[in-house]
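Data from structure.txt: compact mmCIF, C-alpha atoms
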# COMPACT_ATOMS: atom_id res chain seq x y z
CA MET U 1 120.39 145.76 111.56
CA MET U 2 122.89 147.59 113.75
CA PRO U 3 125.04 150.04 111.73
CA MET U 4 128.51 151.05 112.93
CA ALA U 5 127.20 154.58 113.57
CA ALA U 6 124.74 153.24 116.14
CA ILE U 7 127.46 151.23 117.88
CA VAL U 8 129.73 154.28 118.04
CA ALA U 9 126.87 156.46 119.31
CA LEU U 10 126.14 154.02 122.14
CA ALA U 11 129.86 153.76 122.89
CA VAL U 12 130.27 157.57 123.09
CA VAL U 13 127.22 158.03 125.34
CA THR U 14 128.36 155.16 127.57
CA TYR U 15 131.90 156.52 127.86
CA GLY U 16 130.46 159.94 128.68
CA PHE U 17 128.51 158.48 131.61
CA ARG U 18 131.67 156.76 132.83
CA LEU U 19 133.93 159.79 132.43
CA ALA U 20 131.76 162.37 134.21
CA GLY U 21 132.75 161.14 137.67
CA PRO U 22 136.55 161.00 137.19
CA LEU U 23 136.39 164.36 135.37
CA LEU U 24 134.19 166.29 137.80
CA ARG U 25 135.30 164.69 141.05
CA GLY U 26 135.11 167.06 143.97
CA ARG U 27 133.33 169.74 141.98
CA VAL U 28 129.89 168.19 141.47
CA THR U 29 127.83 165.66 143.39
CA VAL U 30 124.90 163.69 142.00
CA PRO U 31 121.63 164.47 143.83
CA ALA U 32 120.32 161.36 145.59
CA ALA U 33 116.90 161.77 143.94
CA ALA U 34 118.48 161.75 140.46
CA GLU U 35 120.55 158.69 141.33
CA ARG U 36 117.40 156.87 142.46
CA LEU U 37 115.59 157.85 139.26
CA PHE U 38 118.47 156.48 137.11
CA ALA U 39 118.47 153.26 139.13
CA ASP U 40 114.70 152.85 138.83
CA ALA U 41 114.70 153.60 135.09
CA ALA U 42 117.33 150.90 134.56
CA THR U 43 115.34 148.41 136.65
CA VAL U 44 112.10 149.16 134.77
CA LEU U 45 113.89 148.63 131.45
CA LEU U 46 115.54 145.39 132.58
CA ILE U 47 112.27 143.89 133.82
CA ALA U 48 110.35 145.03 130.72
CA LEU U 49 113.07 143.59 128.48
CA ALA U 50 113.06 140.34 130.45
CA ALA U 51 109.27 140.10 130.10
CA THR U 52 109.09 140.91 126.39
CA SER U 53 112.06 138.77 125.40
CA ALA U 54 110.78 135.85 127.49
CA LEU U 55 107.16 135.97 126.30
CA THR U 56 107.19 137.39 122.79
CA ALA U 57 108.85 136.68 119.44
CA GLY U 58 108.19 139.24 116.76
CA HIS U 59 104.64 140.45 117.42
CA GLY U 60 103.37 137.15 118.84
CA PHE U 61 103.74 134.65 121.67
CA ALA U 62 107.13 132.95 121.92
CA GLY U 63 105.77 129.54 122.94
CA TRP U 64 106.01 127.86 126.35
CA ALA U 65 109.57 126.50 126.41
CA ARG U 66 111.36 129.85 126.65
CA PRO U 67 109.18 131.45 129.39
CA ALA U 68 109.40 128.20 131.38
CA GLY U 69 113.19 128.29 131.28
CA VAL U 70 113.24 131.97 132.26
CA LEU U 71 110.82 131.28 135.13
CA VAL U 72 113.09 128.57 136.55
CA ALA U 73 116.05 130.94 136.18
CA GLY U 74 114.10 133.70 137.96
CA VAL U 75 113.29 131.43 140.92
CA LEU U 76 116.95 130.39 141.15
CA ALA U 77 118.08 134.03 140.97
CA ALA U 78 115.62 135.04 143.68
CA ARG U 79 117.11 132.27 145.85
CA ARG U 80 120.55 133.76 145.24
CA ALA U 81 121.86 130.89 143.16
CA PRO U 82 125.25 131.60 141.54
CA PHE U 83 124.99 133.54 138.28
CA PRO U 84 126.38 130.76 136.00
CA VAL U 85 123.81 128.33 137.47
CA VAL U 86 120.98 130.75 136.67
CA VAL U 87 122.09 131.19 133.05
CA ILE U 88 122.72 127.49 132.43
CA ALA U 89 119.37 126.56 134.03
CA ALA U 90 117.49 128.88 131.68
CA ALA U 91 119.09 127.36 128.60
CA GLY U 92 118.91 123.79 129.94
CA VAL U 93 115.22 123.82 130.87
CA THR U 94 114.25 125.44 127.57
CA ALA U 95 116.38 123.01 125.55
CA LEU U 96 114.99 119.97 127.39
CA LEU U 97 111.39 121.13 126.92
CA ARG U 98 112.02 121.57 123.18
CA LEU U 99 113.64 118.15 123.05
CA ALA U 100 110.47 116.78 124.67
CA GLY U 101 108.39 118.40 121.95
CA VAL U 102 107.19 121.49 123.81
CA SER U 103 107.69 124.51 121.58
CA MET P 1 150.13 147.68 135.99
CA ARG P 2 153.13 146.68 138.11
CA PHE P 3 151.38 147.81 141.31
CA LEU P 4 148.75 145.10 140.73
CA TRP P 5 151.25 142.25 141.17
CA ARG P 6 152.55 143.87 144.36
CA THR P 7 149.22 144.64 146.04
CA ALA P 8 146.66 142.11 144.80
CA SER P 9 146.07 139.22 147.20
CA PRO P 10 145.39 135.58 146.21
CA ALA P 11 141.85 135.99 147.59
CA LEU P 12 141.28 138.91 145.24
CA TRP P 13 142.47 136.93 142.23
CA ARG P 14 140.18 134.04 143.22
CA ASP P 15 137.13 136.35 143.48
CA VAL P 16 137.98 138.06 140.21
CA GLY P 17 138.32 134.62 138.59
CA LEU P 18 134.85 133.57 139.74
CA VAL P 19 133.27 136.72 138.33
CA CYS P 20 135.19 136.23 135.09
CA VAL P 21 133.82 132.68 134.72
CA ALA P 22 130.26 133.89 135.25
CA ASP P 23 130.59 136.75 132.77
CA GLY P 24 132.42 134.49 130.32
CA ILE P 25 129.37 132.24 130.10
CA VAL P 26 127.15 135.25 129.42
CA GLY P 27 129.66 136.54 126.86
CA VAL P 28 129.65 133.26 124.93
CA SER P 29 125.86 133.24 124.99
CA PHE P 30 125.72 136.88 123.85
CA GLY P 31 128.11 136.29 120.96
CA ALA P 32 126.37 133.13 119.83
CA THR P 33 122.83 134.52 120.04
CA SER P 34 123.77 137.75 118.26
CA VAL P 35 125.02 136.07 115.11
CA ALA P 36 122.78 132.99 115.07
CA SER P 37 119.48 132.98 113.24
CA VAL P 38 116.59 133.57 115.62
CA ASN P 39 113.11 132.48 114.60
CA SER P 40 114.16 132.10 110.97
CA ALA P 41 115.29 135.75 110.82
CA SER P 42 118.99 136.16 110.08
CA GLY P 43 121.38 137.12 112.86
CA LEU P 44 123.73 140.10 112.97
CA PRO P 45 127.16 140.24 111.28
CA TRP P 46 130.02 138.99 113.49
CA TRP P 47 131.58 142.43 113.93
CA VAL P 48 128.49 143.87 115.67
CA PRO P 49 128.79 141.94 118.98
CA VAL P 50 132.61 142.13 118.79
CA THR P 51 132.71 145.93 118.32
CA LEU P 52 130.01 146.46 120.93
CA SER P 53 132.05 144.46 123.46
CA LEU P 54 135.24 146.44 122.78
CA LEU P 55 133.74 149.94 122.58
CA VAL P 56 130.66 149.81 124.82
CA PHE P 57 131.86 147.11 127.25
CA ALA P 58 128.61 146.97 129.22
CA GLY P 59 126.94 143.57 129.00
CA GLY P 60 123.41 144.57 129.96
CA ALA P 61 123.29 147.41 127.44
CA GLN P 62 124.86 145.24 124.72
CA ILE P 63 122.29 142.49 125.25
CA ALA P 64 119.47 145.04 125.33
CA ALA P 65 120.60 146.80 122.14
CA VAL P 66 121.09 143.55 120.23
CA GLY P 67 117.79 142.23 121.59
CA VAL P 68 115.96 145.27 120.22
CA VAL P 69 117.43 144.98 116.70
CA LEU P 70 117.03 141.19 116.59
CA ALA P 71 113.34 141.72 117.41
CA GLY P 72 113.17 144.03 114.38
CA GLY P 73 113.53 147.34 116.22
CA SER P 74 115.33 150.38 114.82
CA PRO P 75 118.97 151.18 115.67
CA VAL P 76 117.75 154.40 117.35
CA ALA P 77 115.55 152.42 119.76
CA ALA P 78 118.47 150.07 120.38
CA VAL P 79 120.85 152.92 121.23
CA LEU P 80 118.24 154.55 123.50
CA ALA P 81 117.59 151.34 125.40
CA GLY P 82 121.32 150.74 125.87
CA ALA P 83 121.96 154.34 126.89
CA VAL P 84 119.21 154.34 129.54
CA LEU P 85 120.60 151.12 131.03
CA ASN P 86 124.06 152.71 131.16
CA THR P 87 122.98 155.84 133.05
CA ARG P 88 123.89 153.93 136.21
CA LEU P 89 127.56 154.20 135.17
CA PHE P 90 127.24 157.94 135.87
CA PRO P 91 126.99 157.61 139.69
CA TYR P 92 129.49 154.71 139.52
CA GLY P 93 132.08 157.07 138.02
CA PHE P 94 131.83 159.34 141.04
CA ALA P 95 132.07 156.37 143.41
CA VAL P 96 135.42 155.16 142.04
CA ALA P 97 136.88 158.44 140.74
CA ASP P 98 139.75 158.23 143.24
CA VAL P 99 141.10 154.89 141.93
CA VAL P 100 140.50 155.26 138.18
CA GLY P 101 143.71 157.26 137.66
CA PRO P 102 147.29 156.04 138.20
CA ALA P 103 148.67 155.47 141.69
CA GLY P 104 150.79 158.14 143.35
CA ARG P 105 153.23 160.25 141.39
CA THR P 106 155.44 157.53 140.03
CA GLY P 107 156.92 157.69 136.57
CA ALA P 108 157.99 160.62 134.50
CA SER P 109 157.20 164.16 135.56
CA GLY P 110 156.48 167.12 133.34
CA ALA P 111 154.42 167.06 130.18
CA ARG P 112 155.07 163.40 129.45
CA GLY P 113 153.97 162.45 132.96
CA VAL P 114 150.74 164.43 132.60
CA VAL P 115 149.94 162.73 129.30
CA ARG P 116 150.69 159.35 130.78
CA ARG P 117 148.52 159.97 133.84
CA TRP P 118 145.61 161.01 131.64
CA LEU P 119 146.07 158.00 129.40
CA VAL P 120 145.82 155.67 132.41
CA ARG P 121 142.78 157.58 133.67
CA LEU P 122 141.01 157.32 130.31
CA LEU P 123 141.76 153.58 130.14
CA GLY P 124 140.57 153.05 133.70
CA THR P 125 137.35 154.89 132.86
CA GLN P 126 136.51 152.29 130.21
CA VAL P 127 136.62 149.43 132.75
CA ILE P 128 134.09 151.02 135.14
CA THR P 129 131.46 148.27 135.42
CA ASP P 130 129.05 146.96 138.05
CA GLU P 131 131.58 144.37 139.07
CA SER P 132 134.72 146.51 139.21
CA VAL P 133 132.84 149.17 141.22
CA ALA P 134 131.46 146.53 143.59
CA PHE P 135 134.99 145.17 144.08
CA ALA P 136 136.40 148.64 144.78
CA LEU P 137 133.65 149.54 147.24
CA ARG P 138 134.43 146.49 149.37
CA HIS P 139 137.62 148.15 150.62
CA SER P 140 138.33 151.45 152.33
CA ASP P 141 142.13 151.32 152.14
CA PRO P 142 143.08 153.30 148.99
CA ALA P 143 145.74 150.82 147.79
CA ARG P 144 143.42 147.84 148.13
CA ARG P 145 140.54 149.76 146.53
CA ARG P 146 142.78 150.50 143.57
CA SER P 147 144.07 146.97 143.11
CA ALA P 148 140.55 145.50 143.47
CA PHE P 149 139.16 147.89 140.87
CA TRP P 150 141.95 147.35 138.34
CA ALA P 151 142.23 143.58 138.78
CA CYS P 152 138.50 143.12 138.27
CA GLY P 153 138.16 145.74 135.50
CA VAL P 154 141.07 144.59 133.36
CA GLY P 155 140.34 140.89 133.98
CA LEU P 156 136.74 141.32 132.90
CA PHE P 157 137.65 143.35 129.83
CA VAL P 158 139.94 140.58 128.58
CA ILE P 159 137.60 137.69 129.44
CA TRP P 160 134.46 139.43 128.17
CA ASN P 161 135.91 140.19 124.74
CA LEU P 162 137.50 136.73 124.37
CA SER P 163 134.26 134.97 125.36
CA VAL P 164 132.19 137.06 122.95
CA LEU P 165 134.63 136.10 120.17
CA LEU P 166 134.26 132.44 121.15
CA GLY P 167 130.48 132.81 121.16
CA VAL P 168 130.51 134.38 117.70
CA ALA P 169 132.53 131.42 116.40
CA LEU P 170 130.17 128.91 118.02
CA GLY P 171 127.04 130.78 116.90
CA SER P 172 128.26 130.82 113.32
CA ALA P 173 128.97 127.08 113.41
CA VAL P 174 125.69 126.05 115.02
CA ARG P 175 122.82 126.86 112.72
CA ASN P 176 119.99 126.78 115.25
CA THR P 177 120.95 127.99 118.73
CA ASP P 178 117.28 127.77 119.79
CA ALA P 179 117.70 123.99 120.13
CA PHE P 180 120.17 124.68 122.95
CA GLY P 181 117.80 127.10 124.64
CA LEU P 182 120.24 129.99 124.20
CA ASP P 183 117.33 132.35 123.44
CA ALA P 184 116.25 131.91 127.08
CA THR P 185 119.59 133.21 128.40
CA PHE P 186 118.92 136.86 127.40
CA PRO P 187 115.75 137.28 129.47
CA ALA P 188 117.28 135.18 132.28
CA VAL P 189 120.31 137.50 132.50
CA MET P 190 118.08 140.58 132.52
CA LEU P 191 115.96 139.07 135.29
CA ALA P 192 118.97 138.04 137.38
CA LEU P 193 120.37 141.56 137.06
CA ALA P 194 117.10 143.28 137.96
CA LEU P 195 115.89 141.13 140.88
CA PRO P 196 118.40 142.44 143.48
CA THR P 197 117.36 146.02 142.64
CA LEU P 198 113.66 145.42 143.34
CA THR P 199 114.21 146.40 146.95
CA SER P 200 111.40 148.90 147.43
CA LYS P 201 107.68 148.72 146.77
CA SER P 202 107.72 151.76 144.49
CA THR P 203 110.43 150.19 142.32
CA ARG P 204 108.52 146.91 142.12
CA VAL P 205 105.28 148.69 141.15
CA ALA P 206 107.07 150.75 138.51
CA ALA P 207 108.83 147.69 137.06
CA GLY P 208 105.66 145.57 137.07
CA THR P 209 103.66 148.31 135.38
CA GLY P 210 106.39 148.81 132.80
CA ALA P 211 106.54 145.09 132.01
CA VAL P 212 102.74 144.90 131.51
CA ILE P 213 102.83 147.98 129.26
CA ALA P 214 105.66 146.54 127.14
CA VAL P 215 104.14 143.07 126.71
CA ALA P 216 100.66 144.49 126.00
CA LEU P 217 101.99 146.86 123.32
CA THR P 218 104.29 144.32 121.60
CA PRO P 219 101.61 142.97 119.21
CA VAL P 220 100.60 146.45 118.01
CA LEU P 221 103.70 148.69 118.06
CA PRO P 222 106.87 148.43 115.94
CA ALA P 223 109.65 146.53 117.74
CA GLY P 224 111.69 148.58 120.21
CA LEU P 225 108.92 151.06 121.01
CA PRO P 226 107.14 148.86 123.61
CA LEU P 227 110.38 148.76 125.60
CA LEU P 228 110.65 152.55 125.65
CA ALA P 229 106.94 152.81 126.50
CA ALA P 230 107.71 150.68 129.55
CA LEU P 231 109.49 153.73 131.02
CA GLY P 232 105.94 155.02 131.52
CA GLY P 233 105.94 152.67 134.51
CA LEU P 234 108.14 155.29 136.20
CA GLY P 235 105.01 157.47 136.36
CA THR P 236 103.82 155.33 139.25
CA ARG P 237 106.71 156.41 141.43
CA TRP P 238 106.18 160.15 141.01
CA THR P 239 105.54 161.19 144.59
CA GLY P 240 103.68 164.24 143.33
CA TRP P 241 100.69 161.99 142.69
CA ARG P 242 100.66 160.88 146.28
CA ARG P 243 101.01 164.38 147.60
CA LEU P 244 98.21 165.53 145.36
CA THR P 245 95.83 162.78 146.36
CA GLY P 246 96.91 163.00 149.99
CA ARG P 247 95.90 166.63 150.15
CA TRP P 248 92.38 165.73 149.13
CA SER P 249 91.92 162.72 151.37
CA ARG P 250 93.45 163.88 154.63
CA PRO P 251 94.75 167.07 156.18
CA VAL P 252 98.44 167.62 155.53
CA PRO P 253 100.42 167.99 158.77
CA SER P 254 102.33 171.21 159.30
CA GLY P 255 105.75 171.33 157.70
CA HIS P 256 106.45 169.79 154.33
CA GLY P 257 105.12 166.54 152.99
CA ASP P 258 104.07 163.50 154.92
CA GLY P 259 107.59 163.03 156.25
CA SER P 260 107.40 159.27 155.98
CA GLY P 261 109.48 159.27 152.82
CA ASP P 262 108.57 155.59 152.91
CA ASP P 263 109.29 153.32 150.07
CA ASP P 264 111.77 155.22 147.96
CA GLY P 265 114.55 154.71 150.46
CA GLY P 266 115.82 151.37 149.28
CA ALA P 267 115.70 152.16 145.61
CA ALA P 268 119.33 153.11 145.33
CA LEU P 269 121.54 150.31 144.14
CA ASP P 270 123.03 148.32 146.95
CA LYS P 271 126.39 147.61 145.41
CA ASP P 272 127.14 144.66 147.66
CA GLU P 273 123.95 143.00 146.45
CA VAL P 274 125.15 142.83 142.88
CA PRO P 275 125.44 139.12 142.10
CA ALA P 276 128.64 137.66 140.79
CA GLY P 277 128.72 138.66 137.18
CA GLY P 278 126.13 141.28 138.04
CA ARG P 279 124.75 144.17 136.07
CA ARG P 280 126.99 144.88 133.18

For this file, produce the structure as structure tokens.
Amino acid sequence: MMPMAAIVALAVVTYGFRLAGPLLRGRVTVPAAAERLFADAATVLLIALAATSALTAGHGFAGWARPAGVLVAGVLAARRAPFPVVVIAAAGVTALLRLAGVS
Amino acid sequence: MRFLWRTASPALWRDVGLVCVADGIVGVSFGATSVASVNSASGLPWWVPVTLSLLVFAGGAQIAAVGVVLAGGSPVAAVLAGAVLNTRLFPYGFAVADVVGPAGRTGASGARGVVRRWLVRLLGTQVITDESVAFALRHSDPARRRSAFWACGVGLFVIWNLSVLLGVALGSAVRNTDAFGLDATFPAVMLALALPTLTSKSTRVAAGTGAVIAVALTPVLPAGLPLLAALGGLGTRWTGWRRLTGRWSRPVPSGHGDGSGDDDGGAALDKDEVPAGGRR
């Protein structure tokens, strides 16, 4: 469940990140090392989220159809396929595998 | 807004349109997956994805937060995951600070003018996204920077919220979105967003380690925690380890450090590498 308080909290934090630059422009600069750490933290989270949401459902294995679709999407993304193609490929491959009886 | 119609070129509108189409597809998928039942568990109420899209307006963080709660995680873990993903908006804000406010000194002067300028600036702040920043950074001319940022930012805000609404309607109508493979679109989006940022070895090692940690802990930890534990993967990029081990294995040259500075260099986001409909 996602209560309204949680949504507002995320909204306030997010707006704060956005507002710092326009508010502090010319007075503060972000150290390059901190910027790299932010960027790496976001990347680590994205990859970990991709891995867990592709492979697991609840506390167990999600079945083969979903990871297969995500794998195809990943290959397409690595080959710089357009973003809509990547997303549609993920859903399409997974749906077709399920239609064929692969869970 | 009038300056947009004067300064925006047809090419700009075409590019903005393409990004809007891409994000629209993700928005529909996000709305549908949020409210649909996943693995026999019930989905979220319709107002959760809709409010998130209006107030947070950051696709990656929205998908992450909803993903955590749909997997059974706590709201606190969901907010933390979303907040960490959105830290990148912090440097973005500095990058586009010059175009977020209103152009020139047009309009009323005095107190009313000040209020109006701040209102525009606060609105512009909300539409700072990967895409609008990438559009702004393509130009050096201030007027073109401004029109690129505002055209993309406002266009995306409208399309994103409309598409999430459409997705919510579709997700409520279709009982089982798994049959359409929509559950595969979340991880696919995350992957497509992350791949262009895996530019350096240290980032790849950290991300790989984090992913292994998260997947390995999923069977044993409550939902949401494995994702936060993945941040432990960042421990691999702490250069202090290398300096420490380096001191033991070989003599340190005079001066500070090994000077190679090697594989951290490319870690910063290359804004031009953000794919259409990139990290939101």

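Put simply, CA of Thr177 in chain P is 6.9 Å away from CA of Thr33 in chain P.
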
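In this structure, CA of Ala230 in chain P sits 26.9 Å away from CA of Val35 in chain P.
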
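Among the candidates P:Gly124, P:Gly43, P:Leu195, P:Phe90, the one nearest to Ala77 in chain U when counting all atoms listed in the file is P:Leu195.
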
*Given the choices U:Leu76, U:Ala50, U:Gly101, U:Leu55, which gets closest to chain P if the distance is worked out from all atoms listed in the file?*
U:Ala50

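Straight-line separation from CA of Val154 in chain P to CA of Ala89 in chain U: 28.2 Å.
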